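Peer 1: Below is one structure. I have some questions about it.
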Amino acid sequence: MRRAALLAVLALVSACHTVVPEPTLRLSGNHAIPTYSMHQIGPQRVEASRAVRFADLDQDGKLDLLIGGRGDNEGIRIEGGDGLGRWHSQAGPQSGIRPRFISVGDVNRDGQPDVLIGGGGDQKGLQIWTRDPSDHHWRQLASPVDSGVFYDAKLADVNEDGWPDIVAARQDTPPAGGIYVWLNDGHGGWFASVGPMVEGQFTGIAVADVDGDGHADIVASRQGGLGAVKTDNAWREVGGVQIWKGDGSGRWSPETLPADGDAESVTVGDLDGDGRLDIVAGMYQQGIRVWFGTPSGWAMHVVTRKHTWGAVRIGDLDGDGRRELVATSADGKGIGIWDWRDGLFASRPGLVPDYGDYLGMDLGDVFGKGRLDIAAVRADGAVEVWSGLQAAAPPLVGIEGKQMGQPQAVFFATGSADLGAAEAAKLQSWYDALPKADVPVLFRVEGRADVRPVHSDLFPNNVALSRARAEAVAAWLKAKG
C-alpha cells in the first residue's frame, strides 16, 4: 500500500560536524570504525536512562523493555517487543523516583505483572505499579516504605507462603542503610521488616538458594564495613559480599565473603555448570570476583583486577549450553564478556563495545530462540540491545509526497550529543511553523562530518557521535507525537 506523505528536513550541524547515519571520513591511528559480531537491535530512542529490565509485561509471549528514566517525573518508559527484534513505545507510569533498578512480579496475585522501583529523585522509598490490561492505565499499589534511597530490590517468596515478598538494599548517608525484608500479608499490605541489617551501605542484591537447603537466601554487595586493606602505607575500609541464609520463615544466618575492595554489584548463577550456584561481584576499581560453590564451601577466583564493574549477569549468550559472565563498566571499558573454560576465565573480545561507560544491564531471550541477549544503558541514556541474531526488517511502506517547510539546522557543542535548551527552542519554533497536514509526515535527518576524529569515553569515533545526535533529534520529534 502506498501512503501519501509530506517531507520535513532537518540538518545536524556543530563545531564538530557529523554525518547521519553513515559517515565518509578518514580515521587514523587507533580510531578505526569498530565492528562487532553481535548486532545492536535496541530501540531507536534516546532519553536519559539508568535502569533496564526485560519482562513480558503484556503477557504475549514476547519480551518487552522497561526503562527507568533519569529525568524529573519520568518514571518508567516501556518499549514493547514483537519477538523479531523490533520495538514500539508504550506509556509507562510517571514517578518522582529516578529508578536505579526495576523488578517485576505478581505482588497481588491477580495474574498481571507488577513493577517495583526505587532510587533517587524527589520521591524516596519504594513504589509498586500495576497496569490494567484493558486500558493500559497505571496505578500505584501499597508500598511498605516511602523514605530512604534503595539501590536494588527483588521480589521473591522468602517465607514460602506463595506470596512475593520484597528484599531491598538501602544506601543512605552512613550509618543509615541496611538490608530490609518486607513480607507480603496477602491482603494488599506488608508486615514490618524482618531484614537482617538496618545499617551498612549496600549496592546490589540477589535472592537464591545458594546453600541448596530448599530455602531462599539473600546475597548482597557491600561498600565498606567488612574489613580493611593497606594501600600506600595507609589502611582503608573495604566491603565485599554478605550472605544471609534463610530458614523459610524470615530468620537469617549470616556469612561473609570478604574482598580487597568495595563491591558495586552482585549476581548468582551456575557459571561453571556443576549444578551449584556461584556468586559474582563487580568491584569498585578492583575488577570482578567469582566465588564458586563447592562441596567444601566457597572458592574465590579473580576474573580481572582492573576497573569498576557496575552490573554483572550470568547467562548463555550463544545457545551452546554453557553460561557466560557479562559485566558493564562504569569507567570506560564498555561491556565485558568472559567464558569459564578449563579452570580459567577467557575474555570474548569483538562481540560488543569494549569502550564507554554503561549503567544498568539485563539479559533476556528477545527472539525466543534459547540464547540470551544483552540490554545495557549507555551513560548518555541510550538503551542498547546486543544479540547474536539480527532484527527483522521493518515492513516496507511506499511513500509519496512533496517537501514541506524549510530545512532547520541543529547545532551541537563539540563532542556532545546534548540537545541544549536554545536549540530545542529553535526546533520548537520550526516545528510550530510547519504547515498542518492530515497525512503522515516523514522527517529526514542529514548531517556533515568533521575532518577531525572524535574520541572520548562516550563516543569513540564520529559514527557513535553522529548516531547519538540523530537519536537526540529523533527523540525530540517522537515526544511531539
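Chain lettering (A, B, ...) mirrors the order of the C-alpha cells, residue numbering begins at 1 for each chain separately, and ligand numbering begins at 1 in order of display.
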Can you tell me, as a list in words, which residues in region 235-471 of chain A count as helix (DSSP H, G or I) by DSSP?
Peer 2: Ala421, Ala422, Glu423, Ala424, Ala425, Lys426, Leu427, Gln428, Ser429, Trp430, Tyr431, Asp432, Ala433, Asn462, Val463, Ala464, Leu465, Ser466, Arg467, Ala468, Arg469, Ala470 and Glu471 of chain A
Peer 1: Do you know which residues are at most 7 Å from region 416-428 of chain A counting only C-alpha atoms, after dropping those on the same chain fewer than 6 positions away, and could you put them as a PyMOL selection string?
Peer 2: chain A and resi 410+465+468-469+472
Peer 1: Please, could you write that set of residues out with C-alpha atoms as a PDB file, in the first residue's frame?
Peer 2:
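So result29.pdb came out as:
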ATOM      1  CA  VAL A 410      20.543  21.963  14.667  1.00  0.00           C
ATOM      2  CA  LEU A 465      28.651  10.734  17.979  1.00  0.00           C
ATOM      3  CA  ALA A 468      23.735   9.862  19.241  1.00  0.00           C
ATOM      4  CA  ARG A 469      22.976  13.300  17.750  1.00  0.00           C
ATOM      5  CA  ALA A 472      18.585  13.043  20.186  1.00  0.00           C
TER       6      ALA A 472
END
Peer 1: Enter the distance from CA of Arg98 (chain A) to CA of Val181 (chain A), in Å, rounded to one decimal.
Peer 2: 21.7 Å
Peer 1: Please give the complete set of residues from region 179-313 of chain A that DSSP, run on the backbone, assigns to strand (DSSP E or B), formatted as a VMD selection string.
Peer 2: chain A and resid 179 to 182 184 190 197 to 199 201 to 208 217 to 231 234 to 246 252 to 258 263 to 269 278 to 283 288 to 294 297 to 304 309 to 313
Peer 1: One decimal, Å: what's the distance from CA of Asp331 (chain A) over to CA of Gln390 (chain A), could you say?
Peer 2: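 Separation between CA of Asp331 (chain A) and CA of Gln390 (chain A): 28.7 Å.
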Peer 1: Of the residues A:His187, A:Arg70, A:Arg170, A:His136, which is the one nearest to Leu57 (chain A), using only C-alpha atoms?
Peer 2: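 That would be A:His136, the residue with the smallest distance to Leu57 (chain A).
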